[in-house]
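Student: Sharing a structure here in C-alpha cells format.
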Amino acid sequence: NGQFVFYAAAAAYNAVYQSQTIPVDMGLTASTLQAPLDLALINDLSQAYTFKTVALMQASLIVFPVGKKIFWQGYYVESDGGSNWGIVKSGAHSDDGGSIFTLADSQYVAANLTKNISVLKFGAKNDYDYTLNIGDDSYQAIQNTIDYLPAGKVTIPAGHYKSTGVINIFEKNAANGGPQLQFKIDAVGAKIWSTSTGADNALQVNSCKRLTIKGLMIDVVTGVTAPDYNVGVRGMWYSRFVGCDFKSTSFGVGDSGGFNSIYWNKFETCGFA
C-alpha cells in the first residue's frame with residue numbers, strides 16, 4: 001500500500017515477499033536499471049523524458065501524462081539510426097513498430113515522422129551477414145514503413161537486409177485526378193536478401209503511379225531456391241527505376257486488385273535478368 005524506491009548496483013537480484021517459497025525474479029541488470037524516478041520531470045509537460053532505446057521505453061512501467069514528449073536515442077542501441085521522439089497518447093491503437101509504440105497502462109507514443117522516413121526508424125537492420133546467413137529479419141519493418149507512407153520518400157540506408165516475406169508496394173498514388181503525388185524509395189547501396197521461393201516474389205509492385213525506386217538490389221539468400229521472379233510488376237504508370245539490380249523480373253497483367261496495365265515508365269541502368 002505504499003511506494004518504495006530501491007537503489008541497487010547493476011546485478012541480478014531475487015525478491016521474496018512475506019517468506020513465500022517461490023522467489024520473484026526482479027531481473028535487474030545494467031541494461032534495465034533506470035535512473036531514480038523524478039516525478040516532477042515525469043509530470044512536467046514542458047520537459048521531455050529520454051530513453052536510450054525503444055526496448056527500454058516499452059519495458060518501462062512509468063505512466064506518463066498524456067501529452068508528454070518522449071525521446072529515444074536509438075532503436076536497438078544508441079545512435080543506430082532509429083532515434084526519434086513522440087507524444088504520449090491514450091486509447092485504442094495499433095503498434096506498428098515505427099509510428100506507434102505501446103507503453104504501460106494502455107498508453108502509446110505517436111512518433112514524429114515526416115514524409116521522408118528511414119526504415120531504420122521502424123526497426124530494420126542493415127547488418128545482415130549474407131555469407132554466413134546471420135542476421136535478423138527486416139521484412140516487417142520495411143513493409144510497415146512502406147505501408148505507413150501514402151506519398152513521400154522511404155529511405156533504405158546502405159547495407160544488407162534479410163527479408164522473409166514479399167515486400168508489397170500497393171496502390172501508391174493510384175487514384176486518378178487530384179494532386180500529382182509521388183512515392184519514392186531511395187535505396188542506393190542497399191541490398192535485400194530474400195528467402196522467397198516459388199511464386200512468391202521478393203518484391204511486388206501492384207497498381208502504382210509515379211513510383212520511383214533508386215539503387216535497390218535484390219538477391220536470394222544462399223541455399224534458398226530462387227523464386228520464379230525476384231520482382232513482379234502488375235500495374236504501373238509514369239514510374240521510374242534507376243540503378244536497380246533485380247536479377248529476374250516479371251512484367252505483365254494479373255489480378256492485383258487494382259489496375260493491371262503498364263504504361264509510360266522509364267528504366268535507367270537497371271538489371272532485370
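Labeling convention for the C-alpha cells: chains A, B, ... as they appear, residues from 1 per chain, ligands from 1 in order of appearance.
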May I have all residues of segment 23-181 of chain A that DSSP, computed from the backbone, assigns to strand (DSSP E), given as a VMD selection string?

Tutor: chain A and resid 24 to 25 49 to 51 69 to 72 84 to 90 100 to 102 107 to 111 116 to 118 152 to 155 159 to 163 167 to 170

Student: Can you tell me, as a PyMOL selection string, what residues are no more than 10 Å from Thr195 of chain A when counting only C-alpha atoms, ignoring any on the same chain fewer than 3 positions away?

Tutor: chain A and resi 162-166+192+200-202+219-227

Student: Leaving out Trp237 of chain A and any residue of its chain fewer than 5 positions from it, which residues lie within 9 Å of it when counting only C-alpha atoms, given as an NGL selection string?

Tutor: :A and (174 or 207-211 or 261-265)

Student: For segment 77-90 of chain A, work out the shell of residues within 7 Å, counting only C-alpha atoms and skipping chain neighbours fewer than 6 positions away, then give it as a ChimeraX atom specification.

Tutor: /A:52-53,66-71,106-112,120-121,123

Student: Based on DSSP run over this structure's backbone, return all residues of segment 57-161 of chain A in alpha helix (DSSP H), as a ChimeraX atom specification.

Tutor: /A:57-59,139-148

Student: Using only C-alpha atoms, which residue out of A:Lys172, A:Phe241, A:Ile218, A:Thr212 lies closest to Phe259 of chain A?

Tutor: A:Lys172

Student: Please compute the atom CA of Val54 of chain A-atom CA of Val119 of chain A distance, one decimal, in Å.

Tutor: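 About the pair atom CA of Val54 of chain A and atom CA of Val119 of chain A: they are 14.6 Å apart.
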
Student: May I have the residues within 12 Å of Asn260 of chain A as a PyMOL selection string, using only C-alpha atoms and disregarding those fewer than 6 positions away in the same chain?

Tutor: chain A and resi 170-171+174+205-209+232-237+251-254

Student: Please produce a file of those selected residues containing N, CA and C atoms, as an mmCIF file, in the first residue's frame.

Tutor:
data_model
loop_
_atom_site.group_PDB
_atom_site.id
_atom_site.type_symbol
_atom_site.label_atom_id
_atom_site.label_comp_id
_atom_site.auth_asym_id
_atom_site.auth_seq_id
_atom_site.Cartn_x
_atom_site.Cartn_y
_atom_site.Cartn_z
ATOM 1 N N PHE A 170 1.723 -1.329 -52.933
ATOM 2 C CA PHE A 170 0.368 -1.483 -53.462
ATOM 3 C C PHE A 170 -0.371 -0.152 -53.516
ATOM 4 N N GLU A 171 -0.878 0.158 -54.704
ATOM 5 C CA GLU A 171 -1.753 1.306 -54.935
ATOM 6 C C GLU A 171 -1.194 2.617 -54.389
ATOM 7 N N ALA A 174 -2.535 5.723 -56.769
ATOM 8 C CA ALA A 174 -3.276 5.042 -57.831
ATOM 9 C C ALA A 174 -4.501 5.815 -58.312
ATOM 10 N N VAL A 205 5.145 -5.064 -57.068
ATOM 11 C CA VAL A 205 4.604 -3.726 -57.326
ATOM 12 C C VAL A 205 3.235 -3.894 -57.954
ATOM 13 N N ASN A 206 2.204 -3.356 -57.314
ATOM 14 C CA ASN A 206 0.835 -3.505 -57.789
ATOM 15 C C ASN A 206 0.131 -2.159 -57.882
ATOM 16 N N SER A 207 -0.356 -1.829 -59.058
ATOM 17 C CA SER A 207 -1.262 -0.696 -59.259
ATOM 18 C C SER A 207 -0.715 0.613 -58.701
ATOM 19 N N CYS A 208 0.472 1.001 -59.164
ATOM 20 C CA CYS A 208 1.117 2.224 -58.671
ATOM 21 C C CYS A 208 1.309 3.235 -59.800
ATOM 22 N N LYS A 209 1.267 4.509 -59.429
ATOM 23 C CA LYS A 209 1.571 5.596 -60.355
ATOM 24 C C LYS A 209 2.610 6.515 -59.722
ATOM 25 N N GLY A 232 8.020 -8.738 -59.218
ATOM 26 C CA GLY A 232 6.853 -8.809 -60.088
ATOM 27 C C GLY A 232 6.181 -7.450 -60.181
ATOM 28 N N VAL A 233 5.754 -7.079 -61.387
ATOM 29 C CA VAL A 233 5.077 -5.796 -61.600
ATOM 30 C C VAL A 233 3.734 -6.072 -62.248
ATOM 31 N N ARG A 234 2.674 -5.645 -61.583
ATOM 32 C CA ARG A 234 1.312 -5.834 -62.092
ATOM 33 C C ARG A 234 0.557 -4.515 -61.983
ATOM 34 N N GLY A 235 0.787 -3.650 -62.960
ATOM 35 C CA GLY A 235 0.110 -2.351 -62.955
ATOM 36 C C GLY A 235 1.036 -1.247 -62.490
ATOM 37 N N MET A 236 1.530 -0.416 -63.445
ATOM 38 C CA MET A 236 2.440 0.668 -63.077
ATOM 39 C C MET A 236 2.454 1.714 -64.185
ATOM 40 N N TRP A 237 2.217 2.975 -63.819
ATOM 41 C CA TRP A 237 2.207 4.089 -64.771
ATOM 42 C C TRP A 237 3.176 5.173 -64.299
ATOM 43 N N PHE A 251 7.120 -8.663 -65.866
ATOM 44 C CA PHE A 251 6.218 -7.563 -66.183
ATOM 45 C C PHE A 251 5.017 -8.155 -66.910
ATOM 46 N N GLY A 252 3.823 -7.868 -66.438
ATOM 47 C CA GLY A 252 2.655 -8.398 -67.122
ATOM 48 C C GLY A 252 1.395 -8.158 -66.349
ATOM 49 N N VAL A 253 0.278 -8.534 -66.950
ATOM 50 C CA VAL A 253 -1.013 -8.345 -66.309
ATOM 51 C C VAL A 253 -1.253 -9.462 -65.317
ATOM 52 N N GLY A 254 -2.222 -9.238 -64.456
ATOM 53 C CA GLY A 254 -2.576 -10.224 -63.448
ATOM 54 C C GLY A 254 -3.625 -9.629 -62.540
#

Student: If we count only C-alpha atoms and set the cut-off at 7 Å, which residues sit around Ala190 of chain A, ignoring sequence neighbours fewer than 3 positions away in its own chain? Please answer as a list in words.

Tutor: Ile156, Pro157, Ala158, Gly159, His160, Ala187, Leu216 and Met217 of chain A

Student: What is the atom CA of Thr269 of chain A-atom CA of Lys191 of chain A distance in Å, reported with one decimal?

Tutor: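 Pair atom CA of Thr269 of chain A / atom CA of Lys191 of chain A returns 16.3 Å.
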
Student: One decimal, Å: what's the distance from atom CA of Ile167 of chain A over to atom CA of Gln143 of chain A, could you say?

Tutor: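 Separation of atom CA of Ile167 of chain A and atom CA of Gln143 of chain A: 5.8 Å.
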
Student: Between A:Asn126, A:Ser60, A:Asn230, A:Asn116, which is the closest to Gly189 of chain A once you count only C-alpha atoms?

Tutor: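 Once distances to Gly189 of chain A are computed over only C-alpha atoms, the minimum belongs to A:Asn126.
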
Student: Mind checking which residues fall within 9 Å of Asn43 of chain A, counting only C-alpha atoms, ignoring those fewer than 3 positions away in the same chain, and posting them as a PyMOL selection string?

Tutor: chain A and resi 38-40+46-47+64-65+68

Student: Those residues you just picked out, can you put them in a file as an mmCIF file, in the first residue's frame with C-alpha atoms?

Tutor:
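Dumped everything to out.cif:
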data_model
loop_
_atom_site.group_PDB
_atom_site.id
_atom_site.type_symbol
_atom_site.label_atom_id
_atom_site.label_comp_id
_atom_site.auth_asym_id
_atom_site.auth_seq_id
_atom_site.Cartn_x
_atom_site.Cartn_y
_atom_site.Cartn_z
ATOM 1 C CA ASP A 38 11.851 12.039 -10.929
ATOM 2 C CA LEU A 39 8.100 12.544 -10.572
ATOM 3 C CA ALA A 40 8.434 16.248 -11.213
ATOM 4 C CA SER A 46 7.309 21.271 -20.658
ATOM 5 C CA GLN A 47 10.220 18.833 -20.235
ATOM 6 C CA PHE A 64 3.270 9.308 -18.311
ATOM 7 C CA PRO A 65 0.713 12.082 -18.550
ATOM 8 C CA LYS A 68 4.330 14.130 -22.612
#

Student: Using only C-alpha atoms, which of the listed residues (A:Leu56, A:Leu181, A:Ala124, A:Leu203) sits closest to Lys153 of chain A?

Tutor: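 Result for the nearest residue to Lys153 of chain A: A:Leu181.
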